[in-house]
>>> print(open('protein22.txt').read())   # compact mmCIF, N, CA, C and O atoms
# COMPACT_ATOMS: atom_id res chain seq x y z
N LYS A 1 -20.56 11.42 38.24
CA LYS A 1 -19.48 10.54 38.64
C LYS A 1 -18.51 11.26 39.59
O LYS A 1 -18.01 10.66 40.53
N PHE A 2 -18.25 12.53 39.28
CA PHE A 2 -17.29 13.29 40.07
C PHE A 2 -17.78 13.46 41.50
O PHE A 2 -17.03 13.23 42.46
N GLY A 3 -19.04 13.84 41.67
CA GLY A 3 -19.61 14.02 43.00
C GLY A 3 -19.65 12.72 43.79
O GLY A 3 -19.38 12.70 44.99
N VAL A 4 -19.97 11.64 43.10
CA VAL A 4 -20.01 10.33 43.76
C VAL A 4 -18.61 9.92 44.21
O VAL A 4 -18.43 9.42 45.32
N THR A 5 -17.62 10.18 43.37
CA THR A 5 -16.23 9.84 43.72
C THR A 5 -15.79 10.61 44.97
O THR A 5 -15.21 10.02 45.90
N LEU A 6 -16.07 11.92 45.01
CA LEU A 6 -15.71 12.70 46.18
C LEU A 6 -16.47 12.24 47.42
O LEU A 6 -15.91 12.20 48.52
N SER A 7 -17.72 11.87 47.24
CA SER A 7 -18.51 11.37 48.37
C SER A 7 -17.94 10.07 48.91
O SER A 7 -17.86 9.88 50.13
N ILE A 8 -17.54 9.18 48.03
CA ILE A 8 -16.96 7.90 48.46
C ILE A 8 -15.65 8.14 49.21
O ILE A 8 -15.40 7.52 50.25
N ILE A 9 -14.83 9.06 48.70
CA ILE A 9 -13.57 9.38 49.39
C ILE A 9 -13.85 9.88 50.80
O ILE A 9 -13.23 9.46 51.78
N MET A 10 -14.83 10.79 50.94
CA MET A 10 -15.16 11.34 52.25
C MET A 10 -15.72 10.26 53.17
O MET A 10 -15.40 10.23 54.37
N LEU A 11 -16.55 9.39 52.64
CA LEU A 11 -17.11 8.30 53.46
C LEU A 11 -16.00 7.37 53.96
O LEU A 11 -16.04 6.92 55.11
N ILE A 12 -15.03 7.07 53.11
CA ILE A 12 -13.92 6.21 53.52
C ILE A 12 -13.12 6.88 54.64
O ILE A 12 -12.78 6.24 55.65
N ILE A 13 -12.85 8.17 54.49
CA ILE A 13 -12.11 8.90 55.52
C ILE A 13 -12.90 8.91 56.83
O ILE A 13 -12.38 8.60 57.90
N TYR A 14 -14.18 9.28 56.74
CA TYR A 14 -15.00 9.41 57.95
C TYR A 14 -15.20 8.06 58.64
O TYR A 14 -14.97 7.94 59.84
N PHE A 15 -15.64 7.05 57.89
CA PHE A 15 -15.89 5.76 58.53
C PHE A 15 -14.60 5.07 58.96
O PHE A 15 -14.60 4.30 59.92
N GLY A 16 -13.50 5.36 58.27
CA GLY A 16 -12.21 4.84 58.72
C GLY A 16 -11.87 5.37 60.10
O GLY A 16 -11.41 4.63 60.98
N PHE A 17 -12.12 6.67 60.30
CA PHE A 17 -11.86 7.27 61.60
C PHE A 17 -12.79 6.70 62.66
O PHE A 17 -12.36 6.36 63.77
N VAL A 18 -14.07 6.56 62.33
CA VAL A 18 -15.04 6.01 63.28
C VAL A 18 -14.67 4.57 63.65
O VAL A 18 -14.77 4.17 64.81
N LEU A 19 -14.25 3.80 62.66
CA LEU A 19 -13.84 2.42 62.95
C LEU A 19 -12.60 2.37 63.82
O LEU A 19 -12.48 1.48 64.68
N LEU A 20 -11.68 3.30 63.62
CA LEU A 20 -10.51 3.38 64.51
C LEU A 20 -10.95 3.68 65.95
O LEU A 20 -10.44 3.09 66.90
N VAL A 21 -11.89 4.60 66.10
CA VAL A 21 -12.40 4.93 67.43
C VAL A 21 -13.05 3.72 68.06
O VAL A 21 -12.87 3.44 69.25
N ALA A 22 -13.78 2.96 67.26
CA ALA A 22 -14.51 1.81 67.80
C ALA A 22 -13.60 0.63 68.11
O ALA A 22 -13.81 -0.05 69.12
N PHE A 23 -12.61 0.38 67.26
CA PHE A 23 -11.87 -0.87 67.38
C PHE A 23 -10.40 -0.74 67.77
O PHE A 23 -9.76 -1.74 68.07
N ASP A 24 -9.84 0.46 67.73
CA ASP A 24 -8.42 0.59 68.08
C ASP A 24 -8.18 1.90 68.84
O ASP A 24 -7.43 2.76 68.41
N LYS A 25 -8.83 1.99 69.99
CA LYS A 25 -8.69 3.19 70.81
C LYS A 25 -7.26 3.40 71.29
O LYS A 25 -6.81 4.53 71.44
N SER A 26 -6.54 2.31 71.49
CA SER A 26 -5.16 2.44 71.97
C SER A 26 -4.27 3.13 70.95
O SER A 26 -3.37 3.88 71.32
N LEU A 27 -4.51 2.91 69.65
CA LEU A 27 -3.74 3.61 68.63
C LEU A 27 -4.00 5.10 68.69
O LEU A 27 -3.08 5.91 68.65
N LEU A 28 -5.27 5.48 68.79
CA LEU A 28 -5.63 6.90 68.85
C LEU A 28 -5.14 7.56 70.14
O LEU A 28 -4.92 8.76 70.17
N ALA A 29 -4.97 6.79 71.18
CA ALA A 29 -4.52 7.33 72.46
C ALA A 29 -3.00 7.41 72.57
O ALA A 29 -2.48 7.90 73.56
N THR A 30 -2.29 6.95 71.55
CA THR A 30 -0.83 6.99 71.56
C THR A 30 -0.34 8.44 71.44
O THR A 30 -0.75 9.16 70.54
N PRO A 31 0.52 8.87 72.35
CA PRO A 31 1.06 10.23 72.25
C PRO A 31 1.88 10.41 70.97
O PRO A 31 2.51 9.47 70.49
N ILE A 32 1.86 11.63 70.45
CA ILE A 32 2.61 11.93 69.23
C ILE A 32 4.11 11.78 69.47
O ILE A 32 4.84 11.26 68.63
N ALA A 33 4.57 12.26 70.61
CA ALA A 33 6.00 12.15 70.96
C ALA A 33 6.09 11.79 72.44
O ALA A 33 5.12 11.89 73.18
N ALA A 34 7.25 11.38 72.85
CA ALA A 34 7.46 11.03 74.25
C ALA A 34 7.20 12.25 75.13
O ALA A 34 7.74 13.33 74.90
N GLY A 35 6.34 12.10 76.10
CA GLY A 35 6.03 13.18 77.02
C GLY A 35 5.02 14.18 76.47
O GLY A 35 4.68 15.14 77.14
N ALA A 36 4.52 13.96 75.26
CA ALA A 36 3.56 14.88 74.66
C ALA A 36 2.16 14.62 75.21
O ALA A 36 1.81 13.49 75.55
N VAL A 37 1.40 15.67 75.33
CA VAL A 37 0.02 15.55 75.79
C VAL A 37 -0.91 15.20 74.63
O VAL A 37 -1.87 14.46 74.78
N THR A 38 -0.60 15.71 73.44
CA THR A 38 -1.43 15.47 72.27
C THR A 38 -1.25 14.05 71.76
O THR A 38 -0.14 13.56 71.63
N THR A 39 -2.36 13.41 71.44
CA THR A 39 -2.33 12.04 70.95
C THR A 39 -2.53 12.02 69.43
O THR A 39 -2.89 13.03 68.83
N ILE A 40 -2.34 10.87 68.84
CA ILE A 40 -2.50 10.71 67.39
C ILE A 40 -3.95 10.98 66.97
O ILE A 40 -4.20 11.43 65.85
N GLY A 41 -4.89 10.75 67.86
CA GLY A 41 -6.30 10.95 67.53
C GLY A 41 -6.65 12.39 67.20
O GLY A 41 -7.53 12.64 66.37
N ILE A 42 -5.99 13.35 67.81
CA ILE A 42 -6.30 14.76 67.57
C ILE A 42 -5.98 15.15 66.12
O ILE A 42 -6.84 15.68 65.42
N PRO A 43 -4.76 14.91 65.61
CA PRO A 43 -4.49 15.26 64.22
C PRO A 43 -5.35 14.46 63.22
O PRO A 43 -5.74 14.97 62.19
N LEU A 44 -5.64 13.21 63.57
CA LEU A 44 -6.49 12.42 62.68
C LEU A 44 -7.91 13.00 62.63
O LEU A 44 -8.52 13.05 61.56
N GLY A 45 -8.43 13.42 63.77
CA GLY A 45 -9.75 14.06 63.79
C GLY A 45 -9.75 15.36 63.01
O GLY A 45 -10.69 15.66 62.27
N LEU A 46 -8.68 16.14 63.16
CA LEU A 46 -8.56 17.38 62.38
C LEU A 46 -8.45 17.08 60.89
O LEU A 46 -9.00 17.81 60.06
N PHE A 47 -7.77 15.99 60.54
CA PHE A 47 -7.67 15.59 59.14
C PHE A 47 -9.04 15.29 58.55
O PHE A 47 -9.32 15.66 57.40
N VAL A 48 -9.90 14.64 59.32
CA VAL A 48 -11.26 14.34 58.84
C VAL A 48 -12.00 15.64 58.54
O VAL A 48 -12.64 15.78 57.49
N ILE A 49 -11.91 16.60 59.45
CA ILE A 49 -12.61 17.88 59.27
C ILE A 49 -12.02 18.66 58.09
O ILE A 49 -12.75 19.15 57.22
N VAL A 50 -10.72 18.77 58.04
CA VAL A 50 -10.06 19.53 56.97
C VAL A 50 -10.30 18.89 55.61
O VAL A 50 -10.52 19.57 54.61
N SER A 51 -10.28 17.56 55.55
CA SER A 51 -10.50 16.88 54.28
C SER A 51 -11.91 17.15 53.75
O SER A 51 -12.10 17.26 52.54
N ALA A 52 -12.88 17.29 54.65
CA ALA A 52 -14.24 17.63 54.21
C ALA A 52 -14.25 19.01 53.55
O ALA A 52 -14.87 19.19 52.49
N PHE A 53 -13.56 19.98 54.13
CA PHE A 53 -13.48 21.31 53.54
C PHE A 53 -12.74 21.28 52.19
O PHE A 53 -13.15 21.93 51.23
N ILE A 54 -11.66 20.53 52.13
CA ILE A 54 -10.87 20.46 50.89
C ILE A 54 -11.68 19.81 49.77
O ILE A 54 -11.72 20.31 48.64
N LEU A 55 -12.34 18.69 50.07
CA LEU A 55 -13.13 18.02 49.05
C LEU A 55 -14.31 18.89 48.60
O LEU A 55 -14.66 18.91 47.42
N THR A 56 -14.90 19.62 49.54
CA THR A 56 -15.97 20.55 49.17
C THR A 56 -15.43 21.65 48.27
O THR A 56 -16.06 22.02 47.27
N GLY A 57 -14.26 22.17 48.59
CA GLY A 57 -13.63 23.20 47.76
C GLY A 57 -13.34 22.70 46.36
O GLY A 57 -13.53 23.42 45.37
N ILE A 58 -12.86 21.47 46.25
CA ILE A 58 -12.59 20.87 44.94
C ILE A 58 -13.88 20.78 44.13
O ILE A 58 -13.92 21.14 42.94
N TYR A 59 -14.95 20.34 44.77
CA TYR A 59 -16.22 20.22 44.06
C TYR A 59 -16.74 21.59 43.64
O TYR A 59 -17.18 21.76 42.49
N VAL A 60 -16.68 22.57 44.52
CA VAL A 60 -17.18 23.91 44.20
C VAL A 60 -16.39 24.53 43.06
O VAL A 60 -16.95 25.15 42.16
N ARG A 61 -15.08 24.34 43.08
CA ARG A 61 -14.25 24.89 42.01
C ARG A 61 -14.64 24.30 40.66
O ARG A 61 -14.78 25.01 39.67
N ARG A 62 -14.82 22.99 40.62
CA ARG A 62 -15.21 22.35 39.35
C ARG A 62 -16.63 22.72 38.97
O ARG A 62 -16.92 22.94 37.79
N ALA A 63 -17.51 22.81 39.94
CA ALA A 63 -18.90 23.18 39.65
C ALA A 63 -18.97 24.59 39.08
O ALA A 63 -19.72 24.84 38.14
N ASN A 64 -18.21 25.51 39.64
CA ASN A 64 -18.24 26.89 39.17
C ASN A 64 -17.62 27.04 37.79
O ASN A 64 -18.02 27.90 37.02
N SER A 65 -16.63 26.23 37.47
CA SER A 65 -15.97 26.39 36.18
C SER A 65 -16.60 25.55 35.08
O SER A 65 -16.81 26.02 33.98
N GLU A 66 -16.94 24.31 35.36
CA GLU A 66 -17.40 23.40 34.32
C GLU A 66 -18.92 23.20 34.33
O GLU A 66 -19.56 23.33 33.29
N PHE A 67 -19.49 22.93 35.48
CA PHE A 67 -20.90 22.60 35.54
C PHE A 67 -21.79 23.80 35.24
O PHE A 67 -22.85 23.66 34.62
N ASP A 68 -21.39 25.00 35.66
CA ASP A 68 -22.19 26.19 35.37
C ASP A 68 -22.25 26.45 33.88
O ASP A 68 -23.28 26.86 33.34
N ALA A 69 -21.14 26.23 33.18
CA ALA A 69 -21.13 26.42 31.73
C ALA A 69 -22.05 25.41 31.05
O ALA A 69 -22.77 25.76 30.11
N LEU A 70 -22.05 24.18 31.51
CA LEU A 70 -22.93 23.16 30.94
C LEU A 70 -24.40 23.51 31.19
O LEU A 70 -25.25 23.35 30.30
N THR A 71 -24.70 23.98 32.39
CA THR A 71 -26.07 24.38 32.71
C THR A 71 -26.52 25.54 31.84
O THR A 71 -27.65 25.57 31.34
N ARG A 72 -25.65 26.51 31.62
CA ARG A 72 -25.96 27.66 30.78
C ARG A 72 -26.22 27.23 29.34
O ARG A 72 -27.17 27.68 28.70
N LYS A 73 -25.42 26.29 28.85
CA LYS A 73 -25.61 25.78 27.47
C LYS A 73 -26.93 25.04 27.34
O LYS A 73 -27.65 25.21 26.35
N ILE A 74 -27.27 24.24 28.34
CA ILE A 74 -28.55 23.53 28.31
C ILE A 74 -29.71 24.51 28.32
O ILE A 74 -30.68 24.36 27.57
N ALA A 75 -29.61 25.55 29.13
CA ALA A 75 -30.68 26.56 29.21
C ALA A 75 -30.82 27.31 27.89
O ALA A 75 -31.94 27.64 27.46
N GLU A 76 -29.71 27.58 27.20
CA GLU A 76 -29.77 28.27 25.91
C GLU A 76 -30.38 27.39 24.84
O GLU A 76 -31.09 27.87 23.96
N ASP A 77 -30.13 26.08 24.92
CA ASP A 77 -30.69 25.16 23.93
C ASP A 77 -32.19 24.98 24.09
O ASP A 77 -32.89 24.69 23.12
N VAL A 78 -32.68 25.17 25.29
CA VAL A 78 -34.12 25.02 25.54
C VAL A 78 -34.78 26.31 25.19
O VAL A 78 -35.55 26.63 24.49
>>> encode(input="protein22.txt", output="structure tokens")
Amino acid sequence: KFGVTLSIIMLIIYFGFVLLVAFDKSLLATPIAAGAVTTIGIPLGLFVIVSAFILTGIYVRRANSEFDALTRKIAEDV
């Protein structure tokens, strides 16, 4: 359940960004501030990439602490 939940979160983030690119390019092309060269699309794209690393880190942390112990217990029972 945990892995599926994280996967769904990542899919929502990724496809949300792709849908913005497809259907609302003007929003992504809006400058962050008056006279700024950087647009809203750049931080949103970085958010997609960073969120993938964060969600992976969350999964790895739980896998190393909880899932490895469960696997070890199953192996000892067999």
>>> closest_residue(input="protein22.txt", among="A:Leu55, A:Leu28, A:Glu66, A:Gly16", to="Pro43 of chain A", atoms="all atoms listed in the file")
A:Leu28
>>> atom_distance(input="protein22.txt", atom1="atom O of Ser51 of chain A", atom2="atom CA of Val37 of chain A")
26.3 Å
>>> closest_residue(input="protein22.txt", among="A:Ile32, A:Leu27, A:Ala22, A:Tyr14", to="Gly45 of chain A", atoms="only C-alpha atoms")
A:Tyr14
>>> atom_distance(input="protein22.txt", atom1="atom CA of Asp68 of chain A", atom2="atom CA of Ser7 of chain A")
20.1 Å
>>> select_by_dssp(input="protein22.txt", residues="chain A", states="helix (DSSP H, G or I)", output="PyMOL selection string")
chain A and resi 2-23+25-28+41-77
>>> atom_distance(input="protein22.txt", atom1="atom CA of Ile58 of chain A", atom2="atom CA of Leu11 of chain A")
15.8 Å
>>> residues_around(input="protein22.txt", residues="Thr30 of chain A", least_positions_apart="2", cutoff="12 Å", atoms="only C-alpha atoms", output="PyMOL selection string")
chain A and resi 24-28+32-44
>>> axis_aligned_box(input="protein22.txt", around="segment 39-58 of chain A", padding_each_side="6 Å", output="AutoDock Vina command-line options")
--center_x -9.2 --center_y 17.1 --center_z 57.2 --size_x 25.7 --size_y 24.7 --size_z 40.5
>>> build_atoms(input="protein22.txt", residues="segment 5-16 of chain A", atoms="all heavy atoms", output="mmCIF file, in the coordinates of the input")
data_model
loop_
_atom_site.group_PDB
_atom_site.id
_atom_site.type_symbol
_atom_site.label_atom_id
_atom_site.label_comp_id
_atom_site.auth_asym_id
_atom_site.auth_seq_id
_atom_site.Cartn_x
_atom_site.Cartn_y
_atom_site.Cartn_z
ATOM 1 N N THR A 5 -17.620 10.180 43.370
ATOM 2 C CA THR A 5 -16.230 9.840 43.720
ATOM 3 C C THR A 5 -15.790 10.610 44.970
ATOM 4 O O THR A 5 -15.210 10.020 45.900
ATOM 5 C CB THR A 5 -15.288 10.158 42.555
ATOM 6 O OG1 THR A 5 -15.705 9.428 41.409
ATOM 7 C CG2 THR A 5 -13.857 9.805 42.902
ATOM 8 N N LEU A 6 -16.070 11.920 45.010
ATOM 9 C CA LEU A 6 -15.710 12.700 46.180
ATOM 10 C C LEU A 6 -16.470 12.240 47.420
ATOM 11 O O LEU A 6 -15.910 12.200 48.520
ATOM 12 C CB LEU A 6 -15.963 14.189 45.922
ATOM 13 C CG LEU A 6 -15.069 14.856 44.881
ATOM 14 C CD1 LEU A 6 -15.477 16.312 44.685
ATOM 15 C CD2 LEU A 6 -13.615 14.751 45.245
ATOM 16 N N SER A 7 -17.720 11.870 47.240
ATOM 17 C CA SER A 7 -18.510 11.370 48.370
ATOM 18 C C SER A 7 -17.940 10.070 48.910
ATOM 19 O O SER A 7 -17.860 9.880 50.130
ATOM 20 C CB SER A 7 -19.966 11.147 47.952
ATOM 21 O OG SER A 7 -20.561 12.362 47.581
ATOM 22 N N ILE A 8 -17.540 9.180 48.030
ATOM 23 C CA ILE A 8 -16.960 7.900 48.460
ATOM 24 C C ILE A 8 -15.650 8.140 49.210
ATOM 25 O O ILE A 8 -15.400 7.520 50.250
ATOM 26 C CB ILE A 8 -16.757 6.962 47.255
ATOM 27 C CG1 ILE A 8 -18.122 6.484 46.742
ATOM 28 C CG2 ILE A 8 -15.869 5.784 47.611
ATOM 29 C CD1 ILE A 8 -18.080 5.735 45.428
ATOM 30 N N ILE A 9 -14.830 9.060 48.700
ATOM 31 C CA ILE A 9 -13.570 9.380 49.390
ATOM 32 C C ILE A 9 -13.850 9.880 50.800
ATOM 33 O O ILE A 9 -13.230 9.460 51.780
ATOM 34 C CB ILE A 9 -12.752 10.417 48.590
ATOM 35 C CG1 ILE A 9 -12.237 9.791 47.293
ATOM 36 C CG2 ILE A 9 -11.596 10.966 49.413
ATOM 37 C CD1 ILE A 9 -11.649 10.792 46.316
ATOM 38 N N MET A 10 -14.830 10.790 50.940
ATOM 39 C CA MET A 10 -15.160 11.340 52.250
ATOM 40 C C MET A 10 -15.720 10.260 53.170
ATOM 41 O O MET A 10 -15.400 10.230 54.370
ATOM 42 C CB MET A 10 -16.164 12.503 52.109
ATOM 43 C CG MET A 10 -16.348 13.286 53.383
ATOM 44 S SD MET A 10 -14.828 14.098 53.891
ATOM 45 C CE MET A 10 -14.700 13.570 55.579
ATOM 46 N N LEU A 11 -16.550 9.390 52.640
ATOM 47 C CA LEU A 11 -17.110 8.300 53.460
ATOM 48 C C LEU A 11 -16.000 7.370 53.960
ATOM 49 O O LEU A 11 -16.040 6.920 55.110
ATOM 50 C CB LEU A 11 -18.150 7.521 52.675
ATOM 51 C CG LEU A 11 -19.491 8.220 52.495
ATOM 52 C CD1 LEU A 11 -20.373 7.438 51.536
ATOM 53 C CD2 LEU A 11 -20.188 8.404 53.834
ATOM 54 N N ILE A 12 -15.030 7.070 53.110
ATOM 55 C CA ILE A 12 -13.920 6.210 53.520
ATOM 56 C C ILE A 12 -13.120 6.880 54.640
ATOM 57 O O ILE A 12 -12.780 6.240 55.650
ATOM 58 C CB ILE A 12 -13.010 5.879 52.317
ATOM 59 C CG1 ILE A 12 -13.736 4.942 51.367
ATOM 60 C CG2 ILE A 12 -11.689 5.279 52.775
ATOM 61 C CD1 ILE A 12 -13.040 4.746 50.032
ATOM 62 N N ILE A 13 -12.850 8.170 54.490
ATOM 63 C CA ILE A 13 -12.110 8.900 55.520
ATOM 64 C C ILE A 13 -12.900 8.910 56.830
ATOM 65 O O ILE A 13 -12.380 8.600 57.900
ATOM 66 C CB ILE A 13 -11.794 10.334 55.062
ATOM 67 C CG1 ILE A 13 -10.792 10.305 53.914
ATOM 68 C CG2 ILE A 13 -11.268 11.177 56.219
ATOM 69 C CD1 ILE A 13 -10.594 11.646 53.226
ATOM 70 N N TYR A 14 -14.180 9.280 56.740
ATOM 71 C CA TYR A 14 -15.000 9.410 57.950
ATOM 72 C C TYR A 14 -15.200 8.060 58.640
ATOM 73 O O TYR A 14 -14.970 7.940 59.840
ATOM 74 C CB TYR A 14 -16.360 10.022 57.606
ATOM 75 C CG TYR A 14 -17.271 10.128 58.792
ATOM 76 C CD1 TYR A 14 -17.060 11.098 59.767
ATOM 77 C CD2 TYR A 14 -18.326 9.245 58.975
ATOM 78 C CE1 TYR A 14 -17.873 11.196 60.874
ATOM 79 C CE2 TYR A 14 -19.150 9.335 60.082
ATOM 80 C CZ TYR A 14 -18.920 10.308 61.024
ATOM 81 O OH TYR A 14 -19.722 10.386 62.125
ATOM 82 N N PHE A 15 -15.640 7.050 57.890
ATOM 83 C CA PHE A 15 -15.890 5.760 58.530
ATOM 84 C C PHE A 15 -14.600 5.070 58.960
ATOM 85 O O PHE A 15 -14.600 4.300 59.920
ATOM 86 C CB PHE A 15 -16.737 4.861 57.627
ATOM 87 C CG PHE A 15 -18.189 5.250 57.630
ATOM 88 C CD1 PHE A 15 -18.780 5.769 56.498
ATOM 89 C CD2 PHE A 15 -18.950 5.125 58.776
ATOM 90 C CE1 PHE A 15 -20.114 6.144 56.491
ATOM 91 C CE2 PHE A 15 -20.285 5.500 58.798
ATOM 92 C CZ PHE A 15 -20.865 6.007 57.648
ATOM 93 N N GLY A 16 -13.500 5.360 58.270
ATOM 94 C CA GLY A 16 -12.210 4.840 58.720
ATOM 95 C C GLY A 16 -11.870 5.370 60.100
ATOM 96 O O GLY A 16 -11.410 4.630 60.980
#
